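Enquirer: Sharing a structure here in structure tokens format.
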Amino acid sequence: MYELAQKVGYTEEMRKSIEKVEETRDRRLKEVFERISPEEKEKLLKEWHPDYRPEGKRPLKIGPSKGLMVPHEVADLIEAYPLIDPDQIDLSKIDYDVDILIIGGGGAGAAAALWAHYNGVPADRILIVTKLRFGDANTKMAQGGIQAADRPNDSPLLHFIDVMGGGHYANKPELVKLLVKEAPLIIKWHEELGVIYDKDEEGNMIELSGGGTCRRRLHAAKDYTGLEIMRVLMDEVLNKGIPVLEFSPVIELLTDEDGRRVTGAILWNLETKEYHIARGKAVILATGGYGRLHIQGFPTTNHYGATMDGVVLAYRVGAKVRDLDATQYHPTGAAYPEQIVGLLVTEKVRGLGAQLVNAEGKQFIYPLEPRDVVAAAIIRECYGRNKGVITPTGMRGVWLDSPMIELIHGEGTIKRYLSAIYRMFARFGIDPTKEPILVFPTLHYQNGGIEINVNAQVLDGNNKPIEGLFAAGEVSGGVHGKNRLMGNSLLEINVFGKRAGISAAKYIRNATPGKLTLNHVKRYIKMLKEAKIPPKRRAPMILPEYRGEKVLSRAISLFTP
Amino acid sequence: MSNEGQKMRMVKIYIMGKMYEVPEGLTIMKAMEYAGYKFIRGVGCRGGFCGACTTVYRIGNDYKLYTGLACQTTVQDGMYLVQIPFVPAEKPVYDLEKLKPTASTILMLFPEITRCVACNTCTKSCPQELEVMDAIQALIRGDIAKAAELSFDCIACGICSIRCPAEIVHYHVFQLVRRLYGKYMTKKSRHLEERVKEILEGKYDEELEKLAQLGVEEWKKLYESREIEE
């Protein structure tokens with residue numbers, strides 16, 4: 001397999017450390033590392049989790065969530081001027097006129113479209129607009145699974161407690177309630193749509209534990225769970241004839257004259273650079289999160305378009321944001337080889353029994369603590385205790401002892417249930433069935449976001465719904481509090497996508513198309529000026545910048561004014 | 001995080017015919033960005049899951065035409081690269097509720113699969129190393145389960161469809177096949193059915209409501225005293 005000349009394999013130095021991992025493996029197979037106490041957790045997080053570094057954040061200067069501490073990278077985009085001059089845009093010609101405008105073509109957007117349609121909105125009265133291709137979203141990249149409490153020894157109540165504890169009790173309980181109650185209904189819906197979940201011969205779901213769950217509750221489709229869900233939802237959206245406009249990011253929302261009710265959006269064709277006006281009685285934001293902001297310089301698991309555009313646009317209308325201070329670093333991003341640094345190594349690897357061990361082959365944390373705790377422990381092991389493995393590029397990491405999976409569950413388990421992970425490493429000459437893989441935390445998820453209520457309506461600074469504006473998925477905050485558990489994001493996009501679709505379908509029955517203005521943008525520009533925000537800063541980002549420094553220093557634009 | 005002082009070794013690559021020098025060891029995607037390309041097309045998840053960055057290349061004087069994902073393939077000296085970010089293909093529209101999981105359903109919607117000449121070009125070109133031809137042949141025999149299994153890791157990059165002499169659009173065929181399999185050919189989960197019924201009957205409503213009202217101190221107690229299933 002993978003005969004191309006790109007095989008890297010491990011260096012001699014790394015091999016020496018692997019020998020130690022192999023020496024201790026038999027003993028570790030019987031060893032259960034003790035879970036740490038709530039007090040120890042607190043201390044570990046404070047000392048080693050990147051969220052707890054005060055120098056990484058600052059309070060927002062303006063807007064409905066003024067004073068909220070957020071990472072600098074987030075503040076830089078929220079405290080930024082629009083890409084357009086509101087007086088230069090012609091709003092008189094409407095290019096797309098629909099009942100429900102859905103911004104974002106990932107799992108939440110697709111679910112919202114389908115449920116709006118199920119609830120009576122004709123397909124051609126819905127429009128999905130998306131920055132890249134339909135389905136180019138973090139949903140597709142989710143590997144490990146989706147939570148739903150459906151086994152007899154489990155219940156939505158236990159799921160609720162897990163979510164609250166994992167989120168450090170900062171979650172909005174009414175949203176969590178909906179999440180856990182709807183979960184089994186979502187899995188059932190997926191079954192009816194033909195999503196293939198891992199099942200035994202009797203049809204029982206094969207369910208694993210995730211970090212911080214007290215029951216085995218993760219439903220998976222090998223380690224392509226998100227891909228399987230996304231492609232089925234996409235196929236169904238297309239079968240229903242719901243129109244999708246690709247390569248058309250939204251660069252600004254539109255509001256009525258007093259700048260309070262959302263009435264549409266300005267789209268921008270990424271290729272021809274022209275703008276288009278879309279009017280919608282209801283607008284659903286399903287734009288995803290902020291992985292590509294590389295908070296505190298971390299690599300990310302996220303797709304190319306994860307630049308937090310939705311939060312920026314909604315904040316200008318007056319949406320409240322919350323928990324944006326809490327960033328999820330997935331404990332196990334690939335740390336080697338260089339070509340795949342930062343890519344996700346699913347928690348399912350630990351769910352199947354692989355332990356985390358240091359350069360000396362010793363365990364240092366229970367592998368299925370909540371994600372923030374495991375991430376902090378890995379950082380401590382590498383930088384506090386100096387027991388990490390150093391790669392040729394100077395990156396540090398710890399071993400994820402994947403061969404244990406084959407010993408526990410039998411030969412062939414990795415290729416069968418973790419084929420994506422197997423493929424990812426085999427491409428570079430590393431065989432996870434025989435050799436451990438090197439991991440280090442990677443930026444994974446925006447825990448917080450725009451505040452919504454149980455009807456997925458976006459709330460303003462006074463906790464009142466902003467008329468015409470709904471949000472679902474990673475762009476929203478409150479469901480996960482300060483830390484999301486594995487398998488709850490695939491769940492959230494479905495539960496709240498569904499809810500947004502149903503709510504918007506109800507809303508439009510009594511709504512008339514609104515006037516289109518950029519008054520809220522003018523209002524925001526005034527606030528920016530009053531706060532003396534440097535005028536150079538512009539947002540939304542739309543796509544991150546990865547061009548070489550040498551090229552950028554000499555790149556000039558000749559054909560645009 | 002890179003080693004300072006260590007001089008980068010450079011390789012020569014040809015992006016759509018034009019030569020660039022880029023550091024050794026980068027993926028095709030990162031190498032093109034280093035060279036100054038800002039991607040709009042031919043980029044998606046950057047992690048090998050979305051199939052947006054299909055790339056076709058030759059190396060030096062080697063006659064072979066190689067294919068790969070730009071985000072998962074390392075550049076090599078002398079690579080001639082062309083990105084194919086889009087495969088024109090019609091997706092037939094269907095109502096899954098009205099279909100039967102049979103070979104004739106597949107043939108009705110995708111009659112071209114019978115033109116498969118078993119040349120195996122699809123399999124050889126698959127960046128996921130799937131047995132693409134075997135999956136098509138399984139369908140011709142009417143074995144939907146086999147085709148669903150063999151095609152499960154398909155990321156719909158479309159390379160096979162571009163190379164197929166029978167002009168089969170494999171990823172659309174496989175999407176239908178997997179949905180038919182998932183909906184009609186796997187046993188329903190009994191536990192799930194029971195839990196769904198309970199939820200629809202409102203069995204948890206009152207308790208959940210009470211739980212949601214408890215407040216942080218009570219939640220903490222419950223969380224810390226949970227019994228954890230191994």
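Letters for chains follow the order of the structure tokens (A, B, ...), residue numbers begin at 1 for each chain, and ligand numbers begin at 1 in the order shown.
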List the neighbours of region 160-169 of chain B out to 12 Å using only C-alpha atoms; skip same-chain residues closer than 3 positions along the sequence, and give me the result as a CSV table (one decimal) with C-alpha atoms, in the first residue's frame.
Expert:
chain,number,residue,atom,x,y,z
B,51,GLY,CA,-11.9,15.2,-2.2
B,54,THR,CA,-7.6,16.2,-6.9
B,55,THR,CA,-4.3,16.5,-8.6
B,56,VAL,CA,-2.9,14.8,-11.7
B,65,LEU,CA,0.1,9.5,-15.1
B,66,TYR,CA,-0.2,9.7,-11.3
B,67,THR,CA,-3.1,11.0,-9.3
B,68,GLY,CA,-3.4,12.1,-5.7
B,84,ILE,CA,-8.6,19.1,-11.4
B,85,PRO,CA,-11.0,20.6,-8.9
B,86,PHE,CA,-14.2,19.7,-10.5
B,87,VAL,CA,-15.7,16.7,-12.3
B,88,PRO,CA,-18.7,17.5,-14.4
B,89,ALA,CA,-21.3,14.9,-13.6
B,90,GLU,CA,-25.1,14.8,-13.4
B,91,LYS,CA,-26.6,13.4,-10.3
B,92,PRO,CA,-29.9,11.6,-10.9
B,107,LEU,CA,-29.4,-0.1,-13.4
B,109,LEU,CA,-30.6,5.1,-12.5
B,110,PHE,CA,-27.1,4.3,-13.7
B,111,PRO,CA,-27.4,2.0,-16.8
B,112,GLU,CA,-23.9,2.9,-17.8
B,113,ILE,CA,-22.4,0.6,-15.2
B,114,THR,CA,-23.0,-2.4,-17.5
B,115,ARG,CA,-20.5,-0.8,-19.9
B,116,CYS,CA,-17.7,-1.6,-17.4
B,117,VAL,CA,-14.9,-3.4,-19.3
B,118,ALA,CA,-13.1,-4.3,-16.1
B,119,CYS,CA,-10.0,-2.4,-17.1
B,120,ASN,CA,-9.3,-1.6,-13.4
B,121,THR,CA,-8.2,2.0,-14.3
B,122,CYS,CA,-10.5,3.3,-11.6
B,123,THR,CA,-8.9,1.2,-8.9
B,124,LYS,CA,-5.4,2.1,-10.0
B,125,SER,CA,-6.3,5.8,-9.9
B,126,CYS,CA,-8.1,5.9,-6.5
B,127,PRO,CA,-6.2,8.0,-3.9
B,128,GLN,CA,-8.0,6.1,-1.2
B,129,GLU,CA,-6.8,2.8,-2.7
B,130,LEU,CA,-10.3,1.4,-2.8
B,131,GLU,CA,-11.3,-1.6,-5.0
B,132,VAL,CA,-13.4,0.6,-7.2
B,133,MET,CA,-13.8,-1.8,-10.1
B,136,ILE,CA,-18.9,-1.8,-9.8
B,154,CYS,CA,-15.0,7.0,-1.0
B,155,ILE,CA,-14.4,10.8,-0.7
B,156,ALA,CA,-16.0,11.6,-4.1
B,157,CYS,CA,-12.9,13.2,-5.5
B,172,HIS,CA,-22.9,9.0,-7.5
B,173,VAL,CA,-23.5,5.3,-8.0
B,174,PHE,CA,-21.9,4.5,-4.7
B,175,GLN,CA,-23.9,7.2,-2.8
B,176,LEU,CA,-27.2,5.6,-3.9
Enquirer: I'd like the contact shell of region 211-224 of chain B - 12 Å cut-off, only C-alpha atoms, skipping same-chain residues fewer than 5 positions apart - returned as a compact mmCIF listing (two decimals) with N, CA and C atoms, in the first residue's frame.
Expert:
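Output saved as selection17.txt:
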# COMPACT_ATOMS: atom_id res chain seq x y z
N ARG A 35 -8.16 8.18 37.34
CA ARG A 35 -8.70 9.50 36.98
C ARG A 35 -8.31 10.51 38.04
N ILE A 36 -8.15 11.77 37.62
CA ILE A 36 -7.72 12.77 38.60
C ILE A 36 -8.93 13.46 39.24
N SER A 37 -8.71 14.02 40.42
CA SER A 37 -9.80 14.63 41.19
C SER A 37 -10.17 15.98 40.57
N PRO A 38 -11.37 16.48 40.91
CA PRO A 38 -11.78 17.80 40.39
C PRO A 38 -10.76 18.89 40.72
N GLU A 39 -10.12 18.79 41.90
CA GLU A 39 -9.15 19.82 42.30
C GLU A 39 -7.90 19.75 41.43
N PRO A 156 -31.16 10.06 28.52
CA PRO A 156 -30.89 11.47 28.23
C PRO A 156 -30.46 12.23 29.49
N LEU A 157 -30.87 11.75 30.65
CA LEU A 157 -30.50 12.44 31.90
C LEU A 157 -29.00 12.32 32.15
N LEU A 158 -28.45 11.12 31.93
CA LEU A 158 -27.01 10.93 32.11
C LEU A 158 -26.23 11.72 31.06
N HIS A 159 -26.77 11.73 29.85
CA HIS A 159 -26.14 12.52 28.78
C HIS A 159 -26.09 13.99 29.19
N PHE A 160 -27.18 14.47 29.76
CA PHE A 160 -27.27 15.87 30.21
C PHE A 160 -26.16 16.19 31.21
N ILE A 161 -26.02 15.31 32.20
CA ILE A 161 -25.02 15.56 33.26
C ILE A 161 -23.60 15.54 32.68
N ASP A 162 -23.34 14.62 31.76
CA ASP A 162 -22.02 14.58 31.11
C ASP A 162 -21.71 15.88 30.37
N VAL A 163 -22.70 16.38 29.65
CA VAL A 163 -22.50 17.60 28.87
C VAL A 163 -22.22 18.79 29.79
N MET A 164 -23.00 18.90 30.86
CA MET A 164 -22.84 20.02 31.80
C MET A 164 -21.48 19.96 32.49
N GLY A 165 -21.11 18.77 32.97
CA GLY A 165 -19.83 18.62 33.66
C GLY A 165 -18.67 18.91 32.72
N GLY A 166 -18.75 18.35 31.52
CA GLY A 166 -17.70 18.58 30.52
C GLY A 166 -17.55 20.05 30.18
N GLY A 167 -18.67 20.76 30.18
CA GLY A 167 -18.67 22.19 29.83
C GLY A 167 -18.40 23.11 31.00
N HIS A 168 -17.99 22.54 32.14
CA HIS A 168 -17.72 23.29 33.37
C HIS A 168 -18.96 24.07 33.82
N TYR A 169 -20.13 23.51 33.58
CA TYR A 169 -21.43 24.04 34.05
C TYR A 169 -21.73 25.43 33.50
N ALA A 170 -20.99 25.82 32.45
CA ALA A 170 -21.24 27.15 31.86
C ALA A 170 -22.27 27.05 30.74
N ASN A 171 -22.71 25.84 30.42
CA ASN A 171 -23.67 25.63 29.33
C ASN A 171 -25.01 26.27 29.64
N LYS A 172 -25.79 26.49 28.59
CA LYS A 172 -27.17 26.95 28.76
C LYS A 172 -28.04 25.70 28.91
N PRO A 173 -28.57 25.45 30.12
CA PRO A 173 -29.23 24.16 30.36
C PRO A 173 -30.39 23.86 29.42
N GLU A 174 -31.14 24.88 29.01
CA GLU A 174 -32.29 24.58 28.15
C GLU A 174 -31.85 24.09 26.77
N LEU A 175 -30.66 24.55 26.32
CA LEU A 175 -30.15 24.05 25.04
C LEU A 175 -29.65 22.61 25.19
N VAL A 176 -29.01 22.34 26.32
CA VAL A 176 -28.49 20.99 26.57
C VAL A 176 -29.65 19.99 26.64
N LYS A 177 -30.71 20.42 27.28
CA LYS A 177 -31.92 19.59 27.40
C LYS A 177 -32.42 19.16 26.02
N LEU A 178 -32.49 20.13 25.14
CA LEU A 178 -32.95 19.83 23.78
C LEU A 178 -31.97 18.89 23.07
N VAL A 180 -29.91 16.59 24.26
CA VAL A 180 -29.91 15.18 24.69
C VAL A 180 -31.24 14.49 24.39
N GLY A 212 -15.00 11.87 28.86
CA GLY A 212 -15.98 12.55 29.69
C GLY A 212 -17.39 12.01 29.61
N THR A 213 -17.61 10.89 28.94
CA THR A 213 -18.96 10.30 28.93
C THR A 213 -19.00 9.16 29.94
N CYS A 214 -20.11 9.01 30.64
CA CYS A 214 -20.19 7.97 31.64
C CYS A 214 -20.79 6.68 31.09
N TYR B 204 -39.14 11.29 29.52
CA TYR B 204 -38.05 11.98 30.22
C TYR B 204 -38.33 13.46 30.46
N ASP B 205 -39.45 13.93 29.95
CA ASP B 205 -39.69 15.38 29.96
C ASP B 205 -39.62 15.99 31.36
N GLU B 206 -40.36 15.38 32.28
CA GLU B 206 -40.46 15.97 33.61
C GLU B 206 -39.11 15.94 34.32
Enquirer: So, counting only C-alpha atoms, which residue among B:Arg58, B:Arg46, B:His170, B:Arg9 is closest to chain A?
Expert: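 Between B:Arg58, B:Arg46, B:His170, B:Arg9, the residue approaching chain A most closely is B:Arg46.
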Enquirer: Give the residues of chain B that lie within 6 Å of chain A; count only C-alpha atoms, and format the answer as a ChimeraX atom specification.
Expert: /B:1-3,27,33-34,36,44-45,49,74,93-94,179,182-183,187-189,191-192,195-196,212,223,228-229
Enquirer: Which residues are close to region 439-448 of chain A, i.e. within 6 Å by only C-alpha atoms, leaving aside same-chain residues fewer than 3 positions away? Reply as a ChimeraX atom specification.
Expert: /A:289-290,298-301,322-324,326-335,342,375,397-398,477,483
Enquirer: Identify all residues of region 372-518 of chain A in strand (DSSP E or B) (DSSP on the backbone) and supply them as JSON, numbers by chain.
Expert: {"A": [389, 390, 396, 397, 398, 399, 400, 437, 438, 439, 440, 441, 442, 443, 444, 445, 446, 449, 450, 451, 452, 457, 458, 459, 460, 465, 466, 467, 468, 469, 470, 471, 476, 477, 517]}
Enquirer: Would you mind listing what lies within 8 Å of Ala31 (chain B) as a VMD selection string, with only C-alpha atoms counted and same-chain residues fewer than 4 positions away left out?
Expert: chain B and resid 22 to 23 26 to 27 35 75
Enquirer: If we count only C-alpha atoms, what is near Ala319 (chain A) at a cut-off of 12 Å, once residues fewer than 3 positions away on the same chain are taken out, given as number ranges by chain?
Expert: A: 63-66, 78, 259-262, 285, 310-316, 322, 449-452, 457-467, 469-471, 475-477, 520
Enquirer: Quick one: write out the picked residues with N, CA and C atoms as a short mmCIF file (atom, residue, chain, number, x, y, z; two decimals), in the first residue's frame?
Expert:
data_model
loop_
_atom_site.label_atom_id
_atom_site.label_comp_id
_atom_site.auth_asym_id
_atom_site.auth_seq_id
_atom_site.Cartn_x
_atom_site.Cartn_y
_atom_site.Cartn_z
N GLY A 63 -19.77 46.87 21.31
CA GLY A 63 -20.85 45.95 20.95
C GLY A 63 -21.55 45.34 22.13
N PRO A 64 -22.54 44.49 21.84
CA PRO A 64 -23.40 43.94 22.90
C PRO A 64 -22.65 43.08 23.93
N SER A 65 -21.50 42.55 23.57
CA SER A 65 -20.75 41.75 24.54
C SER A 65 -19.47 42.45 24.95
N LYS A 66 -19.52 43.77 24.94
CA LYS A 66 -18.37 44.59 25.37
C LYS A 66 -17.86 44.08 26.72
N ILE A 78 -13.55 40.87 15.27
CA ILE A 78 -14.81 41.50 15.70
C ILE A 78 -14.64 43.02 15.70
N GLY A 259 -32.29 48.75 11.34
CA GLY A 259 -31.10 47.93 11.57
C GLY A 259 -31.27 46.87 12.62
N ARG A 260 -32.50 46.41 12.83
CA ARG A 260 -32.76 45.41 13.88
C ARG A 260 -33.21 44.07 13.33
N ARG A 261 -33.98 44.12 12.22
CA ARG A 261 -34.49 42.87 11.66
C ARG A 261 -33.62 42.46 10.47
N VAL A 262 -33.21 41.19 10.42
CA VAL A 262 -32.35 40.73 9.33
C VAL A 262 -33.23 40.35 8.14
N LEU A 285 -27.91 31.34 10.00
CA LEU A 285 -26.44 31.32 9.98
C LEU A 285 -25.97 29.92 10.37
N GLY A 310 -19.43 34.16 10.37
CA GLY A 310 -20.79 34.30 10.89
C GLY A 310 -20.85 35.11 12.16
N VAL A 311 -19.91 34.88 13.06
CA VAL A 311 -19.88 35.63 14.33
C VAL A 311 -19.66 37.12 14.03
N VAL A 312 -18.73 37.40 13.15
CA VAL A 312 -18.42 38.79 12.79
C VAL A 312 -19.66 39.50 12.24
N LEU A 313 -20.36 38.84 11.31
CA LEU A 313 -21.51 39.46 10.65
C LEU A 313 -22.67 39.67 11.62
N ALA A 314 -22.93 38.68 12.45
CA ALA A 314 -24.05 38.77 13.38
C ALA A 314 -23.79 39.81 14.47
N TYR A 315 -22.53 39.93 14.88
CA TYR A 315 -22.19 40.90 15.93
C TYR A 315 -22.48 42.32 15.45
N ARG A 316 -22.30 42.56 14.17
CA ARG A 316 -22.58 43.88 13.61
C ARG A 316 -24.08 44.21 13.67
N ARG A 322 -20.96 34.53 23.39
CA ARG A 322 -20.61 33.99 24.71
C ARG A 322 -19.56 32.87 24.57
N GLY A 449 -19.83 31.09 20.90
CA GLY A 449 -20.33 31.68 19.66
C GLY A 449 -21.51 32.60 19.91
N ILE A 450 -22.33 32.76 18.88
CA ILE A 450 -23.51 33.62 18.98
C ILE A 450 -24.51 32.97 19.92
N GLU A 451 -25.10 33.77 20.80
CA GLU A 451 -26.07 33.17 21.73
C GLU A 451 -27.42 32.96 21.05
N ILE A 452 -27.98 31.76 21.27
CA ILE A 452 -29.30 31.45 20.70
C ILE A 452 -30.23 30.97 21.81
N GLN A 457 -33.18 30.98 17.65
CA GLN A 457 -33.19 32.41 17.32
C GLN A 457 -31.98 33.07 17.94
N VAL A 458 -31.38 33.98 17.19
CA VAL A 458 -30.21 34.68 17.70
C VAL A 458 -30.66 35.78 18.66
N LEU A 459 -29.96 35.89 19.80
CA LEU A 459 -30.36 36.86 20.82
C LEU A 459 -29.48 38.11 20.79
N ASP A 460 -30.09 39.23 21.15
CA ASP A 460 -29.32 40.47 21.24
C ASP A 460 -28.83 40.69 22.67
N GLY A 461 -28.24 41.85 22.91
CA GLY A 461 -27.66 42.15 24.21
C GLY A 461 -28.66 42.13 25.35
N ASN A 462 -29.95 42.27 25.02
CA ASN A 462 -30.99 42.23 26.06
C ASN A 462 -31.69 40.88 26.11
N ASN A 463 -31.07 39.87 25.51
CA ASN A 463 -31.63 38.52 25.44
C ASN A 463 -32.94 38.45 24.67
N LYS A 464 -33.17 39.41 23.80
CA LYS A 464 -34.37 39.39 22.94
C LYS A 464 -33.97 38.82 21.58
N PRO A 465 -34.85 38.00 20.98
CA PRO A 465 -34.52 37.47 19.66
C PRO A 465 -34.38 38.59 18.61
N ILE A 466 -33.38 38.47 17.77
CA ILE A 466 -33.24 39.39 16.64
C ILE A 466 -34.15 38.85 15.55
N GLU A 467 -35.07 39.66 15.15
CA GLU A 467 -36.08 39.19 14.20
C GLU A 467 -35.43 38.73 12.89
N LEU A 469 -33.39 36.30 12.29
CA LEU A 469 -32.05 35.70 12.31
C LEU A 469 -32.00 34.46 13.21
N PHE A 470 -31.56 33.37 12.62
CA PHE A 470 -31.44 32.08 13.32
C PHE A 470 -30.00 31.60 13.18
N ALA A 471 -29.57 30.73 14.09
CA ALA A 471 -28.21 30.19 13.97
C ALA A 471 -28.17 28.77 14.50
N VAL A 475 -21.17 27.96 14.92
CA VAL A 475 -21.25 29.42 14.99
C VAL A 475 -21.95 29.88 16.28
N SER A 476 -22.77 29.00 16.85
CA SER A 476 -23.52 29.38 18.04
C SER A 476 -22.81 28.92 19.31
N GLY A 477 -23.18 29.52 20.42
CA GLY A 477 -22.57 29.14 21.70
C GLY A 477 -23.63 28.80 22.71
N HIS A 520 -27.26 48.89 9.83
CA HIS A 520 -26.56 48.33 10.99
C HIS A 520 -25.05 48.40 10.80
#
Enquirer: Applying 7 Å and only C-alpha atoms, which residues near Ile94 (chain A) remain after dropping the ones on its own chain fewer than 6 positions away? List them as number ranges by chain.
Expert: A: 277-279
Enquirer: Let me see the file: selected residues, N, CA and C atoms, as an mmCIF file, in the first residue's frame.
Expert:
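In the end it all went to again21.cif:
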data_model
loop_
_atom_site.group_PDB
_atom_site.id
_atom_site.type_symbol
_atom_site.label_atom_id
_atom_site.label_comp_id
_atom_site.auth_asym_id
_atom_site.auth_seq_id
_atom_site.Cartn_x
_atom_site.Cartn_y
_atom_site.Cartn_z
ATOM 1 N N ILE A 277 -27.100 40.381 -4.402
ATOM 2 C CA ILE A 277 -27.984 40.667 -3.270
ATOM 3 C C ILE A 277 -29.002 39.540 -3.119
ATOM 4 N N ALA A 278 -29.068 39.010 -1.914
ATOM 5 C CA ALA A 278 -30.053 37.967 -1.634
ATOM 6 C C ALA A 278 -31.008 38.486 -0.565
ATOM 7 N N ARG A 279 -32.310 38.341 -0.840
ATOM 8 C CA ARG A 279 -33.285 38.726 0.166
ATOM 9 C C ARG A 279 -33.924 37.459 0.730
#
Enquirer: Determine, counting only C-alpha atoms, which protein, DNA and RNA residues have an atom within 10 Å of an atom of Lys506 (chain A); residues of the same chain fewer than 3 positions away are not included. Present the result as a list in words.
Expert: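 Contacts, in chain order: Ala116, Asn119, Gly120, Val121, Ala282, Ala500, Gly501, Ile502, Ser503, Arg509, Asn510 and Ala511 of chain A.
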Enquirer: Go ahead and write the residues just picked, N, CA and C atoms, as a short mmCIF file (atom, residue, chain, number, x, y, z; two decimals), in the first residue's frame.
Expert:
data_model
loop_
_atom_site.label_atom_id
_atom_site.label_comp_id
_atom_site.auth_asym_id
_atom_site.auth_seq_id
_atom_site.Cartn_x
_atom_site.Cartn_y
_atom_site.Cartn_z
N ALA A 116 -36.73 22.61 7.13
CA ALA A 116 -37.60 23.69 6.67
C ALA A 116 -38.52 23.15 5.58
N ASN A 119 -41.22 20.99 6.76
CA ASN A 119 -42.25 21.78 7.42
C ASN A 119 -42.95 22.76 6.49
N GLY A 120 -42.96 22.40 5.24
CA GLY A 120 -43.86 23.09 4.33
C GLY A 120 -43.26 24.16 3.43
N VAL A 121 -41.97 24.44 3.55
CA VAL A 121 -41.40 25.47 2.69
C VAL A 121 -40.98 24.81 1.37
N ALA A 282 -36.33 34.98 6.29
CA ALA A 282 -35.55 34.49 7.43
C ALA A 282 -34.15 34.13 6.94
N ALA A 500 -33.55 25.10 13.78
CA ALA A 500 -33.52 26.36 13.03
C ALA A 500 -34.42 26.27 11.81
N GLY A 501 -34.39 25.12 11.13
CA GLY A 501 -35.22 24.94 9.94
C GLY A 501 -36.71 25.02 10.27
N ILE A 502 -37.08 24.34 11.38
CA ILE A 502 -38.49 24.33 11.79
C ILE A 502 -38.93 25.73 12.23
N SER A 503 -38.09 26.38 13.05
CA SER A 503 -38.44 27.72 13.55
C SER A 503 -38.57 28.71 12.41
N ARG A 509 -44.17 32.21 7.83
CA ARG A 509 -45.60 32.17 7.52
C ARG A 509 -46.25 33.52 7.73
N ASN A 510 -45.79 34.24 8.76
CA ASN A 510 -46.38 35.54 9.06
C ASN A 510 -45.45 36.71 8.77
N ALA A 511 -44.40 36.45 8.02
CA ALA A 511 -43.45 37.53 7.75
C ALA A 511 -43.55 37.97 6.29
#
Enquirer: Between A:Ala108, A:Ile414, A:Lys41, A:Tyr336, which residue has the minimum interatomic distance to Val374 (chain A), considering only C-alpha atoms?
Expert: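 Nearest to Val374 (chain A): A:Lys41.
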Enquirer: I need the residues in region 117-287 of chain A that are helix (DSSP H, G or I) according to DSSP; give them as a ChimeraX atom specification.
Expert: /A:117-118,123-125,138-141,156-166,173-193,225-239
